[in-house]
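Okay, my_file-v6.cif is below, mmCIF, C-alpha atoms and all ligand atoms:
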```cif
data_target
loop_
_atom_site.label_atom_id
_atom_site.label_comp_id
_atom_site.auth_asym_id
_atom_site.auth_seq_id
_atom_site.Cartn_x
_atom_site.Cartn_y
_atom_site.Cartn_z
CA MET T 1 61.28 -13.77 -126.74
CA SER T 2 60.95 -11.20 -129.49
CA THR T 3 60.03 -7.72 -128.37
CA GLN T 4 60.06 -6.30 -131.89
CA LEU T 5 57.20 -3.86 -132.34
CA PRO T 6 55.48 -2.43 -135.37
CA ASP T 7 56.74 0.98 -136.54
CA LEU T 8 53.38 2.52 -135.70
CA TYR T 9 53.73 1.45 -132.11
CA GLU T 10 57.11 3.19 -131.96
CA SER T 11 55.63 6.38 -133.38
CA ALA T 12 52.80 6.14 -130.87
CA THR T 13 55.25 6.11 -128.04
CA THR T 14 57.11 9.15 -129.36
CA ALA T 15 54.15 11.22 -130.62
CA SER T 16 54.24 14.64 -129.01
CA PRO T 17 51.16 16.67 -128.16
CA ALA T 18 50.47 20.02 -129.85
CA PRO T 19 52.79 22.77 -128.58
CA ALA T 20 51.36 24.46 -125.52
CA ASP T 21 51.93 27.98 -126.88
CA VAL T 22 49.51 27.47 -129.81
CA ALA T 23 46.10 28.72 -128.75
CA PRO T 24 43.42 26.08 -129.42
CA ARG T 25 40.77 26.81 -132.05
CA ILE T 26 38.11 25.06 -130.01
CA SER T 27 38.32 24.83 -126.27
CA VAL T 28 35.75 23.09 -124.09
CA ARG T 29 35.96 23.27 -120.31
CA ASN T 30 33.95 21.31 -117.74
CA LEU T 31 30.91 21.09 -119.97
CA CYS T 32 27.80 19.53 -118.43
CA LYS T 33 24.44 18.96 -120.06
CA THR T 34 21.50 17.08 -118.61
CA TYR T 35 18.25 16.51 -120.50
CA ASN T 36 15.08 16.26 -118.51
CA THR T 37 13.07 13.48 -120.05
CA ARG T 38 9.93 11.61 -119.09
CA ARG T 39 12.24 8.79 -117.92
CA GLY T 40 13.96 11.28 -115.62
CA PRO T 41 17.18 13.26 -116.06
CA VAL T 42 19.71 12.01 -118.65
CA ALA T 43 23.27 13.26 -118.10
CA ALA T 44 24.43 13.54 -121.73
CA LEU T 45 27.69 15.39 -120.93
CA ARG T 46 29.51 14.99 -117.63
CA ASN T 47 32.30 17.49 -117.17
CA VAL T 48 33.83 17.27 -120.65
CA SER T 49 37.03 19.20 -121.40
CA MET T 50 39.11 19.23 -124.59
CA ASP T 51 41.25 21.47 -126.80
CA VAL T 52 41.43 21.29 -130.58
CA ALA T 53 44.59 22.88 -132.02
CA PRO T 54 44.61 24.94 -135.27
CA GLY T 55 44.37 22.63 -138.27
CA GLU T 56 43.64 19.60 -136.11
CA VAL T 57 40.87 17.11 -136.86
CA MET T 58 39.61 15.75 -133.57
CA VAL T 59 37.27 12.80 -133.84
CA LEU T 60 34.61 12.12 -131.22
CA LEU T 61 34.17 8.37 -131.23
CA GLY T 62 31.79 6.32 -129.15
CA PRO T 63 28.69 4.15 -129.12
CA SER T 64 25.17 5.43 -129.69
CA GLY T 65 23.93 7.70 -126.93
CA CYS T 66 27.34 8.55 -125.42
CA GLY T 67 26.89 12.30 -126.05
CA LYS T 68 28.77 12.96 -129.30
CA THR T 69 26.00 14.95 -131.01
CA THR T 70 25.15 16.78 -127.80
CA LEU T 71 28.76 17.99 -127.48
CA LEU T 72 28.83 19.10 -131.11
CA ARG T 73 25.50 20.92 -130.78
CA CYS T 74 26.71 22.68 -127.64
CA VAL T 75 29.80 23.93 -129.50
CA ALA T 76 27.60 25.00 -132.44
CA GLY T 77 25.21 26.84 -130.13
CA LEU T 78 22.23 24.63 -131.01
CA GLU T 79 22.07 23.28 -127.46
CA TYR T 80 22.26 25.15 -124.18
CA PRO T 81 24.71 23.53 -121.72
CA ASP T 82 24.02 23.55 -117.95
CA SER T 83 27.53 24.66 -117.07
CA GLY T 84 31.05 25.03 -118.41
CA GLU T 85 32.80 27.16 -120.97
CA ILE T 86 33.33 27.01 -124.75
CA THR T 87 35.80 29.08 -126.75
CA VAL T 88 35.88 29.14 -130.56
CA GLN T 89 38.79 30.83 -132.36
CA GLY T 90 39.75 32.72 -129.22
CA LYS T 91 36.25 34.05 -128.50
CA THR T 92 34.21 32.79 -125.56
CA VAL T 93 30.91 31.67 -127.08
CA PHE T 94 29.47 30.12 -123.93
CA SER T 95 30.26 30.60 -120.27
CA SER T 96 27.86 29.72 -117.48
CA SER T 97 29.88 31.59 -114.86
CA ARG T 98 30.16 34.76 -116.94
CA ASN T 99 26.67 34.47 -118.40
CA ILE T 100 27.83 34.45 -122.03
CA VAL T 101 25.76 32.86 -124.79
CA VAL T 102 26.69 33.73 -128.38
CA ALA T 103 24.12 32.91 -131.11
CA PRO T 104 25.04 30.06 -133.50
CA GLU T 105 25.42 32.40 -136.50
CA ASN T 106 27.99 34.48 -134.62
CA ARG T 107 30.22 31.58 -133.57
CA ASN T 108 32.40 31.64 -136.68
CA LEU T 109 31.96 27.97 -137.53
CA SER T 110 29.90 25.79 -139.82
CA MET T 111 28.37 22.36 -139.52
CA VAL T 112 27.89 19.35 -141.80
CA PHE T 113 25.07 16.98 -140.83
CA GLN T 114 24.47 13.29 -141.49
CA SER T 115 21.23 14.17 -143.30
CA TYR T 116 22.86 16.78 -145.64
CA ALA T 117 20.22 19.37 -144.56
CA LEU T 118 19.96 21.00 -148.01
CA TRP T 119 17.05 23.17 -149.17
CA PRO T 120 15.23 20.97 -151.72
CA HIS T 121 13.63 23.91 -153.59
CA MET T 122 16.96 25.68 -154.10
CA THR T 123 19.64 24.87 -156.68
CA VAL T 124 23.04 23.55 -155.68
CA PHE T 125 24.43 27.04 -156.31
CA ALA T 126 21.82 28.72 -154.09
CA ASN T 127 22.32 26.14 -151.31
CA VAL T 128 26.06 26.71 -151.26
CA ALA T 129 25.63 30.49 -151.56
CA PHE T 130 23.23 30.60 -148.60
CA PRO T 131 25.74 31.48 -145.82
CA LEU T 132 27.12 34.28 -148.03
CA THR T 133 23.78 35.74 -149.10
CA THR T 134 22.55 35.84 -145.49
CA ALA T 135 25.80 37.62 -144.61
CA LYS T 136 25.02 40.14 -147.39
CA VAL T 137 28.19 39.47 -149.39
CA LYS T 138 28.29 41.22 -152.80
CA LYS T 139 26.74 39.23 -155.68
CA ALA T 140 29.91 39.07 -157.78
CA ASP T 141 31.92 37.82 -154.80
CA VAL T 142 29.25 35.24 -154.01
CA ARG T 143 29.40 33.91 -157.58
CA GLU T 144 33.16 33.66 -157.53
CA ARG T 145 33.39 31.97 -154.15
CA VAL T 146 30.58 29.50 -154.77
CA HIS T 147 32.07 28.37 -158.08
CA ALA T 148 35.52 28.07 -156.52
CA VAL T 149 34.28 25.91 -153.68
CA LEU T 150 32.07 23.79 -155.99
CA GLN T 151 35.15 23.16 -158.11
CA MET T 152 37.03 22.08 -154.99
CA VAL T 153 34.47 19.36 -154.30
CA GLY T 154 34.16 18.49 -158.01
CA LEU T 155 30.56 19.66 -158.48
CA ASP T 156 30.75 22.88 -160.47
CA HIS T 157 29.00 21.19 -163.41
CA LEU T 158 25.94 20.52 -161.22
CA ALA T 159 25.51 24.10 -159.95
CA ARG T 160 22.07 24.45 -161.56
CA SER T 161 20.70 21.09 -160.38
CA HIS T 162 18.43 20.61 -157.39
CA PRO T 163 19.44 18.37 -154.46
CA GLY T 164 16.73 15.84 -155.37
CA GLN T 165 18.52 15.20 -158.68
CA LEU T 166 21.80 14.28 -156.97
CA SER T 167 23.15 11.09 -155.43
CA GLY T 168 23.72 10.91 -151.68
CA GLY T 169 27.47 11.37 -152.11
CA GLN T 170 26.94 14.42 -154.33
CA GLN T 171 24.46 15.94 -151.85
CA GLN T 172 26.96 15.51 -149.05
CA ARG T 173 29.61 17.23 -151.15
CA VAL T 174 27.17 20.14 -151.64
CA SER T 175 26.74 20.41 -147.90
CA LEU T 176 30.53 20.25 -147.49
CA ALA T 177 30.87 23.08 -150.04
CA ARG T 178 28.30 25.10 -148.09
CA ALA T 179 30.34 24.54 -144.92
CA LEU T 180 33.54 25.68 -146.65
CA VAL T 181 32.20 28.66 -148.61
CA ALA T 182 32.39 31.24 -145.83
CA ASP T 183 35.88 30.03 -144.91
CA PRO T 184 34.89 29.56 -141.26
CA GLY T 185 38.17 28.01 -140.08
CA VAL T 186 36.22 25.61 -137.82
CA ILE T 187 33.88 22.93 -139.15
CA LEU T 188 31.78 20.55 -137.07
CA PHE T 189 30.86 17.25 -138.70
CA ASP T 190 28.14 14.96 -137.33
CA GLU T 191 28.52 11.54 -139.00
CA PRO T 192 28.67 13.10 -142.47
CA LEU T 193 29.46 9.83 -144.24
CA SER T 194 27.21 7.36 -142.48
CA ASN T 195 24.30 7.60 -144.93
CA LEU T 196 26.53 6.68 -147.87
CA ASP T 197 27.49 3.29 -149.24
CA ALA T 198 30.94 1.91 -148.49
CA LYS T 199 32.67 2.87 -151.77
CA VAL T 200 31.33 6.45 -151.81
CA ARG T 201 32.16 6.77 -148.13
CA GLU T 202 35.78 5.82 -148.80
CA ARG T 203 36.07 8.24 -151.74
CA LEU T 204 34.57 11.11 -149.79
CA ARG T 205 36.78 10.36 -146.80
CA ASP T 206 39.84 10.66 -149.07
CA GLN T 207 38.50 13.88 -150.53
CA LEU T 208 37.88 15.31 -147.07
CA LEU T 209 41.45 14.47 -146.10
CA SER T 210 42.96 16.18 -149.13
CA LEU T 211 40.67 19.24 -148.69
CA GLN T 212 41.73 19.44 -145.08
CA ASP T 213 45.38 19.20 -146.20
CA SER T 214 44.99 22.05 -148.67
CA ILE T 215 42.68 24.34 -146.68
CA GLY T 216 43.76 23.38 -143.17
CA PHE T 217 40.44 23.88 -141.38
CA THR T 218 40.05 22.78 -137.77
CA ALA T 219 37.39 20.14 -137.21
CA LEU T 220 35.44 18.30 -134.58
CA TYR T 221 34.24 15.16 -136.34
CA VAL T 222 31.67 12.78 -134.89
CA THR T 223 31.53 9.17 -135.93
CA HIS T 224 30.94 5.75 -134.46
CA ASP T 225 32.95 4.17 -137.27
CA GLN T 226 36.43 3.42 -135.97
CA THR T 227 38.04 3.09 -139.41
CA GLU T 228 36.85 6.61 -140.18
CA ALA T 229 38.08 7.76 -136.78
CA THR T 230 41.61 6.36 -137.10
CA GLY T 231 41.83 7.32 -140.79
CA LEU T 232 40.69 10.94 -140.44
CA GLY T 233 41.58 11.97 -136.92
CA ASP T 234 44.77 13.66 -135.81
CA SER T 235 43.39 12.89 -132.39
CA ILE T 236 40.49 10.82 -131.10
CA ALA T 237 38.36 11.39 -128.04
CA VAL T 238 36.73 8.09 -127.12
CA MET T 239 33.50 8.89 -125.27
CA GLU T 240 31.76 6.79 -122.65
CA VAL T 241 28.34 7.82 -121.29
CA GLY T 242 28.93 11.56 -121.41
CA SER T 243 32.62 11.53 -120.49
CA VAL T 244 35.89 11.35 -122.37
CA ALA T 245 37.32 7.88 -121.65
CA GLN T 246 40.59 8.56 -123.51
CA LEU T 247 41.96 11.33 -125.66
CA GLY T 248 45.02 10.64 -127.80
CA THR T 249 46.45 10.04 -131.26
CA PRO T 250 44.90 7.15 -133.23
CA THR T 251 48.02 5.04 -132.59
CA ASP T 252 47.88 5.83 -128.88
CA ILE T 253 44.25 4.79 -128.69
CA TYR T 254 44.86 1.65 -130.70
CA TYR T 255 48.10 0.43 -129.17
CA ARG T 256 47.81 1.87 -125.69
CA PRO T 257 44.14 1.91 -124.72
CA SER T 258 43.81 3.28 -121.21
CA SER T 259 40.91 1.10 -120.15
CA ARG T 260 39.11 -2.11 -120.92
CA TYR T 261 36.27 -0.03 -122.38
CA VAL T 262 38.55 1.68 -124.95
CA ALA T 263 40.35 -1.56 -125.86
CA ASP T 264 37.00 -3.23 -126.41
CA PHE T 265 35.45 -0.38 -128.42
CA VAL T 266 38.36 0.43 -130.73
CA GLY T 267 39.35 -2.56 -132.83
CA SER T 268 38.55 -6.07 -131.69
CA ALA T 269 40.20 -7.71 -128.75
CA ASN T 270 40.56 -11.11 -127.12
CA GLU T 271 39.97 -11.10 -123.41
CA LEU T 272 41.24 -13.47 -120.72
CA LYS T 273 40.25 -12.99 -117.11
CA GLY T 274 42.75 -13.76 -114.37
CA THR T 275 44.57 -12.75 -111.21
CA VAL T 276 47.87 -10.91 -110.84
CA VAL T 277 50.38 -13.27 -109.21
CA GLY T 278 53.55 -11.21 -109.59
CA PHE T 279 55.65 -8.89 -111.69
CA ALA T 280 58.54 -9.43 -114.10
CA GLY T 281 60.25 -6.12 -114.85
CA GLU T 282 57.65 -3.85 -116.43
CA TYR T 283 55.18 -6.70 -116.94
CA ALA T 284 52.50 -8.14 -114.72
CA ARG T 285 52.26 -11.91 -114.45
CA VAL T 286 48.66 -13.09 -114.56
CA ASP T 287 47.23 -16.51 -113.81
CA THR T 288 44.56 -17.20 -116.45
CA PRO T 289 42.47 -20.31 -117.18
CA ILE T 290 45.04 -21.18 -119.86
CA GLY T 291 48.16 -20.66 -117.78
CA SER T 292 50.40 -17.88 -116.62
CA LEU T 293 50.87 -14.96 -119.06
CA LEU T 294 52.79 -11.68 -119.00
CA GLY T 295 51.20 -8.38 -120.04
CA SER T 296 51.66 -4.61 -119.71
CA ALA T 297 49.68 -2.73 -117.12
CA GLY T 298 50.32 0.62 -118.83
CA SER T 299 49.16 3.61 -116.83
CA GLU T 300 46.65 1.53 -114.88
CA ARG T 301 48.14 0.37 -111.60
CA VAL T 302 47.46 -3.24 -110.72
CA VAL T 303 48.57 -5.02 -107.59
CA GLN T 304 49.29 -8.58 -106.57
CA GLY T 305 46.11 -10.59 -106.04
CA GLN T 306 43.98 -8.21 -108.13
CA SER T 307 41.37 -9.55 -110.56
CA VAL T 308 42.18 -8.34 -114.06
CA SER T 309 41.31 -8.65 -117.74
CA MET T 310 44.10 -9.35 -120.23
CA MET T 311 43.27 -7.92 -123.65
CA PHE T 312 45.13 -8.49 -126.90
CA ARG T 313 44.22 -7.90 -130.52
CA PRO T 314 43.78 -10.75 -133.04
CA GLU T 315 46.45 -9.15 -135.26
CA HIS T 316 48.98 -9.18 -132.43
CA CYS T 317 48.93 -12.98 -132.12
CA HIS T 318 51.81 -14.74 -133.88
CA ILE T 319 51.59 -18.34 -134.98
CA THR T 320 54.85 -20.21 -134.43
CA ASP T 321 55.98 -23.77 -135.00
CA GLY T 322 57.02 -25.31 -131.71
CA GLY T 323 57.82 -23.23 -128.67
CA ALA T 324 55.00 -24.77 -126.61
CA GLY T 325 55.73 -24.41 -122.91
CA ARG T 326 57.78 -21.24 -123.36
CA GLU T 327 56.82 -17.89 -121.81
CA ASN T 328 53.65 -16.38 -123.42
CA HIS T 329 53.30 -19.29 -125.89
CA ILE T 330 49.83 -20.83 -125.96
CA GLN T 331 48.98 -24.20 -127.45
CA CYS T 332 45.73 -24.03 -129.48
CA VAL T 333 43.64 -26.10 -131.86
CA VAL T 334 42.22 -24.40 -134.96
CA ASP T 335 38.41 -24.39 -134.93
CA ARG T 336 37.90 -22.37 -138.08
CA SER T 337 40.13 -20.64 -140.60
CA MET T 338 39.03 -18.09 -143.15
CA PHE T 339 41.31 -17.05 -146.00
CA LEU T 340 40.44 -13.44 -146.89
CA GLY T 341 43.07 -12.63 -149.49
CA SER T 342 45.00 -9.99 -147.59
CA HIS T 343 45.11 -12.07 -144.40
CA VAL T 344 43.77 -15.16 -142.66
CA GLU T 345 41.36 -15.10 -139.72
CA TYR T 346 41.32 -17.99 -137.28
CA VAL T 347 39.11 -18.97 -134.42
CA VAL T 348 41.09 -21.25 -132.16
CA ASP T 349 40.46 -23.16 -128.96
CA ALA T 350 43.01 -22.65 -126.21
CA GLY T 351 42.12 -25.04 -123.41
CA GLY T 352 38.41 -24.19 -123.67
CA GLN T 353 38.92 -20.44 -124.32
CA ARG T 354 38.04 -19.20 -127.79
CA LEU T 355 40.54 -16.77 -129.30
CA ALA T 356 40.48 -14.86 -132.58
CA LEU T 357 43.70 -14.52 -134.59
CA LYS T 358 44.42 -12.47 -137.67
CA THR T 359 47.65 -13.05 -139.51
CA MET T 360 49.45 -12.60 -142.81
CA GLU T 361 52.22 -15.01 -141.78
CA GLY T 362 52.87 -18.61 -142.76
CA GLU T 363 50.78 -21.24 -144.51
CA LEU T 364 47.04 -21.68 -144.06
CA ARG T 365 46.25 -23.96 -141.08
CA LYS T 366 43.11 -26.03 -141.38
CA ALA T 367 40.52 -26.87 -138.71
CA GLY T 368 41.89 -29.47 -136.30
CA ALA T 369 45.53 -28.36 -136.68
CA THR T 370 47.48 -27.82 -133.46
CA ILE T 371 49.32 -24.50 -133.42
CA THR T 372 51.31 -22.43 -130.95
CA VAL T 373 50.41 -18.78 -130.53
CA ARG T 374 53.05 -16.37 -129.27
CA LEU T 375 51.95 -13.18 -127.54
CA ASP T 376 54.31 -10.24 -127.23
CA PRO T 377 53.76 -9.06 -123.61
CA THR T 378 54.04 -5.43 -124.76
CA MET T 379 50.92 -5.94 -126.87
CA VAL T 380 48.92 -7.61 -124.09
CA ARG T 381 47.21 -5.02 -121.90
CA VAL T 382 46.27 -5.73 -118.31
CA PHE T 383 43.27 -3.84 -116.93
CA PRO T 384 41.55 -4.00 -113.55
CA ALA T 385 38.48 -6.26 -113.91
CA GLU T 386 35.21 -4.36 -114.25
N1 LIG T 401 16.71 16.49 -127.16
C1 LIG T 401 16.90 15.51 -126.27
N2 LIG T 401 16.04 15.29 -125.28
C2 LIG T 401 16.23 14.32 -124.36
N3 LIG T 401 17.30 13.50 -124.35
C3 LIG T 401 18.21 13.66 -125.32
C4 LIG T 401 18.07 14.67 -126.33
N4 LIG T 401 19.13 14.60 -127.18
C5 LIG T 401 19.89 13.60 -126.70
N5 LIG T 401 19.36 13.04 -125.60
C6 LIG T 401 19.94 11.93 -124.81
O1 LIG T 401 21.26 12.29 -124.46
C7 LIG T 401 22.14 11.20 -124.60
C8 LIG T 401 23.24 11.55 -125.62
O2 LIG T 401 22.64 11.69 -126.91
P1 LIG T 401 23.47 12.07 -128.20
O3 LIG T 401 22.50 12.32 -129.30
O4 LIG T 401 24.42 13.14 -127.87
O5 LIG T 401 24.27 10.72 -128.47
P2 LIG T 401 25.22 10.30 -129.69
O6 LIG T 401 26.51 9.89 -129.06
O7 LIG T 401 25.27 11.38 -130.70
O8 LIG T 401 24.48 9.01 -130.25
P3 LIG T 401 24.30 8.49 -131.78
O9 LIG T 401 25.59 7.78 -132.14
O10 LIG T 401 23.17 7.54 -131.67
O11 LIG T 401 24.02 9.65 -132.66
C9 LIG T 401 21.29 10.02 -125.01
O12 LIG T 401 20.98 9.29 -123.86
C10 LIG T 401 20.05 10.66 -125.60
O13 LIG T 401 18.93 9.84 -125.42
MG MG T 402 24.63 11.49 -132.69
#
```
Kindly present the structure from the file in structure tokens form.
Amino acid sequence: MSTQLPDLYESATTASPAPADVAPRISVRNLCKTYNTRRGPVAALRNVSMDVAPGEVMVLLGPSGCGKTTLLRCVAGLEYPDSGEITVQGKTVFSSSRNIVVAPENRNLSMVFQSYALWPHMTVFANVAFPLTTAKVKKADVRERVHAVLQMVGLDHLARSHPGQLSGGQQQRVSLARALVADPGVILFDEPLSNLDAKVRERLRDQLLSLQDSIGFTALYVTHDQTEATGLGDSIAVMEVGSVAQLGTPTDIYYRPSSRYVADFVGSANELKGTVVGFAGEYARVDTPIGSLLGSAGSERVVQGQSVSMMFRPEHCHITDGGAGRENHIQCVVDRSMFLGSHVEYVVDAGGQRLALKTMEGELRKAGATITVRLDPTMVRVFPAE
């Protein structure tokens, strides 16, 4: 059986964390925040801790309501946490035990919102200049810095326009320029691209990446779009109802999800339920409705007799000719095939279980064709059943 793995998987297994002697730019410790609502208390953050290294873009990824914005607003100082500690660029800006609360404007960071949050009555120039004029920077310096930063985002020619005269993508670039103008070192982004159409979103994502490369700011970046998360993040914190479910590099999160929740939320996954019946080396053997399969239990410990979920991604299924009856080979019948140019997507029936496959290999198989799917046990994750 082939155990060849994609290069990215290899790099995921060798990726090293940021050196411990580099002080983090943002540090969050045991942060808790509960909102009192008419429905009762809502625990939006439950003991969240994380460190963002200098120059790192950490993405907060998770479904609606999991606490992403609340965490960002706590770091920004727009929300008052119940307990915990927050440090920004070496300065404690919030500590419940030491009674420290620093005002948002003194936290040495800036924020980019989903809704742009520009002043409609002010020109692009005046909007971008705002953080400098409130900080009483000299007029000549303001002019120079605003034009420099507008050039960076490609908008210097629109300096005299008003936000209402700009497209959504241009308005978001203005708000990015405003975030960069005071050179804060730390920028918080709350879904900055989600109001834009797909093409503009992609362009702006590229531009953000190259700006981050050249300026090297540290960022906490909220999104629920996983392509954005894996594309932009040096690290990703996957959040689940107020907690961090997994924190790791994008390849870690993708190839080695630590729970069923993360595997299900990031990328798409096939799922087979079953029972552990034994172990073969580093793999667990699981009895499933479509036969016995091997998979990796990763950091989760599973024991004989335990009910588990086997999860594997459509793109990790290989179609082979023959091989039926061999270890981790599944006989299937094609229900549907969709040729999408870069790859083919299949929905297949494996003894009554529907599986999704995504492949660039081999010829197009039509509905009704019998195929054999080979699963690399390294790419099949075994999680305790929920
Ligand atoms: N001002 C508030 N008052 C009461 N409850 C709130 C308030 N803000 C947020 N919540 C609740 O706290 C939880 C976390 O909300 P939050 O806005 O942080 O989620 P989110 O992950 O940013 O979601 P989305 O992806 O929809 O923006 C939710 O249950 C939400 O209803
Ligand atoms: Mg939000």
Kindly provide the residues of chain T that approach ligand MG 402 (chain T) to within 7 Å, each paired with its closest atom pair and their distance in Å to one decimal, based on only C-alpha atoms and all ligand atoms, listed by chain and increasing number, as CSV.
```
residue,atom,partner,partner_atom,distance
T:Ser64,CA,T:MG402,MG,6.8
T:Gly65,CA,T:MG402,MG,6.9
T:Lys68,CA,T:MG402,MG,5.5
T:Thr69,CA,T:MG402,MG,4.1
T:Asp190,CA,T:MG402,MG,6.8
```
task: Can you pull out every residue within 12 Å of range 114-121 of chain T, counting all atoms listed in the file, but drop anything in the same chain fewer than 6 positions away, and send it as a count of residues only?
output: 37
All residues 6 Å or closer to range 325-342 of chain T, all atoms listed in the file, same chain fewer than 3 positions away omitted, as a PyMOL selection string: chain T and resi 293+345-350+367-375
Written selection (C-alpha atoms) as a PDB file, keeping the file's coordinate frame:
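The file below, result.pdb, is the result:
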```
ATOM      1  CA  LEU T 293      50.870 -14.960-119.060  1.00  0.00           C
ATOM      2  CA  GLU T 345      41.360 -15.100-139.720  1.00  0.00           C
ATOM      3  CA  TYR T 346      41.320 -17.990-137.280  1.00  0.00           C
ATOM      4  CA  VAL T 347      39.110 -18.970-134.420  1.00  0.00           C
ATOM      5  CA  VAL T 348      41.090 -21.250-132.160  1.00  0.00           C
ATOM      6  CA  ASP T 349      40.460 -23.160-128.960  1.00  0.00           C
ATOM      7  CA  ALA T 350      43.010 -22.650-126.210  1.00  0.00           C
ATOM      8  CA  ALA T 367      40.520 -26.870-138.710  1.00  0.00           C
ATOM      9  CA  GLY T 368      41.890 -29.470-136.300  1.00  0.00           C
ATOM     10  CA  ALA T 369      45.530 -28.360-136.680  1.00  0.00           C
ATOM     11  CA  THR T 370      47.480 -27.820-133.460  1.00  0.00           C
ATOM     12  CA  ILE T 371      49.320 -24.500-133.420  1.00  0.00           C
ATOM     13  CA  THR T 372      51.310 -22.430-130.950  1.00  0.00           C
ATOM     14  CA  VAL T 373      50.410 -18.780-130.530  1.00  0.00           C
ATOM     15  CA  ARG T 374      53.050 -16.370-129.270  1.00  0.00           C
ATOM     16  CA  LEU T 375      51.950 -13.180-127.540  1.00  0.00           C
TER      17      LEU T 375
END
```
Output as CSV one row per residue of chain T within 9 Å of ligand LIG 401 (chain T): the closest atom pair and its distance in Å to one decimal place, counting only C-alpha atoms and all ligand atoms, sorted by chain and residue number ascending.
```
residue,atom,partner,partner_atom,distance
T:Lys33,CA,T:LIG401,O1,8.6
T:Thr34,CA,T:LIG401,O1,7.6
T:Tyr35,CA,T:LIG401,C2,4.9
T:Asn36,CA,T:LIG401,C2,6.3
T:Thr37,CA,T:LIG401,C2,5.4
T:Arg38,CA,T:LIG401,C2,8.6
T:Pro41,CA,T:LIG401,N3,8.3
T:Val42,CA,T:LIG401,O12,6.0
T:Ala43,CA,T:LIG401,O1,6.7
T:Ala44,CA,T:LIG401,C7,4.4
T:Leu45,CA,T:LIG401,C8,7.5
T:Leu60,CA,T:LIG401,O6,8.7
T:Leu61,CA,T:LIG401,O6,8.1
T:Gly62,CA,T:LIG401,O6,6.4
T:Pro63,CA,T:LIG401,O9,5.6
T:Ser64,CA,T:LIG401,O9,3.4
T:Gly65,CA,T:LIG401,O5,3.4
T:Cys66,CA,T:LIG401,O6,4.0
T:Gly67,CA,T:LIG401,O4,3.2
T:Lys68,CA,T:LIG401,O6,3.8
T:Thr69,CA,T:LIG401,O7,3.7
T:Thr70,CA,T:LIG401,O4,3.7
T:Leu71,CA,T:LIG401,O4,6.5
T:Leu72,CA,T:LIG401,O4,8.1
T:Arg73,CA,T:LIG401,O4,8.4
T:Glu79,CA,T:LIG401,N1,8.7
T:Asp190,CA,T:LIG401,O7,8.1
T:Glu191,CA,T:LIG401,O11,8.0
T:Val222,CA,T:LIG401,O7,7.8
T:Thr223,CA,T:LIG401,O9,7.2
T:His224,CA,T:LIG401,O9,6.2
T:Met239,CA,T:LIG401,O6,8.0
T:Glu240,CA,T:LIG401,O6,8.8
T:Val241,CA,T:LIG401,C8,7.7
T:Gly242,CA,T:LIG401,C8,7.1
```
Shell of 9 Å around Ala237 in chain T, only C-alpha atoms, local chain residues under 6 positions omitted, as a PDB file with C-alpha atoms, in the frame of the given file:
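Output file part.pdb is given in full below:
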```
ATOM      1  CA  MET T  50      39.110  19.230-124.590  1.00  0.00           C
ATOM      2  CA  MET T  58      39.610  15.750-133.570  1.00  0.00           C
ATOM      3  CA  VAL T  59      37.270  12.800-133.840  1.00  0.00           C
ATOM      4  CA  LEU T  60      34.610  12.120-131.220  1.00  0.00           C
ATOM      5  CA  LEU T  61      34.170   8.370-131.230  1.00  0.00           C
ATOM      6  CA  GLY T  62      31.790   6.320-129.150  1.00  0.00           C
ATOM      7  CA  VAL T 244      35.890  11.350-122.370  1.00  0.00           C
ATOM      8  CA  ALA T 245      37.320   7.880-121.650  1.00  0.00           C
ATOM      9  CA  GLN T 246      40.590   8.560-123.510  1.00  0.00           C
ATOM     10  CA  LEU T 247      41.960  11.330-125.660  1.00  0.00           C
ATOM     11  CA  GLY T 248      45.020  10.640-127.800  1.00  0.00           C
ATOM     12  CA  THR T 249      46.450  10.040-131.260  1.00  0.00           C
ATOM     13  CA  ILE T 253      44.250   4.790-128.690  1.00  0.00           C
TER      14      ILE T 253
END
```
message: Please compute the CA of Leu220 in chain T-CA of Gly55 in chain T distance, one decimal, in Å.
response: 10.6 Å
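Ranking T:Leu209, T:Ala53, T:Ala219, T:Leu204 by their shortest atom-to-atom distance to Val22 in chain T, with only C-alpha atoms included, puts T:Ala53 first.
If you measure from each of T:Val186, T:Pro377, T:Val48, T:Thr230 to Ala280 in chain T using only C-alpha atoms, the closest one turns out to be T:Pro377.
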As AutoDock Vina command-line options, what would the box around range 111-130 of chain T look like: edges along x, y and z, 6 Å added on every side, centre and edge lengths in Å to one decimal?
```
--center_x 21.0 --center_y 21.9 --center_z -148.1 --size_x 26.7 --size_y 29.3 --size_z 29.2
```
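In this model, the gap between CA of Arg205 in chain T and CA of Lys358 in chain T comes to 25.7 Å.
In terms of minimum interatomic distance to Leu31 in chain T, T:Gly84 ranks closest within T:Gly351, T:Met311, T:Val57, T:Gly84, counting all atoms listed in the file.
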- line: Pairwise distance, CA of Pro257 in chain T with CA of Val276 in chain T, equals 19.3 Å
message: Taking 4 positions as the minimum chain separation for residues in the same chain, which residues sit within 7 Å of Arg313 in chain T when counting only C-alpha atoms? Answer as a count of residues only.
response: 3
Residue neighbourhood Val277 in chain T, 8 Å, all atoms listed in the file, exclusion window fewer than 3 positions, as an MDAnalysis selection string: chainID T and resid 284:287 304:305
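The residue that comes closest to Val88 in chain T, out of T:Leu155, T:Val28, T:Met379, T:Ala229 and on the basis of only C-alpha atoms, is T:Val28.
In this comparison, which uses all atoms listed in the file, the residue of T:Arg203, T:Leu211, T:Phe383, T:Gly185 approaching Leu272 in chain T most closely is T:Phe383.
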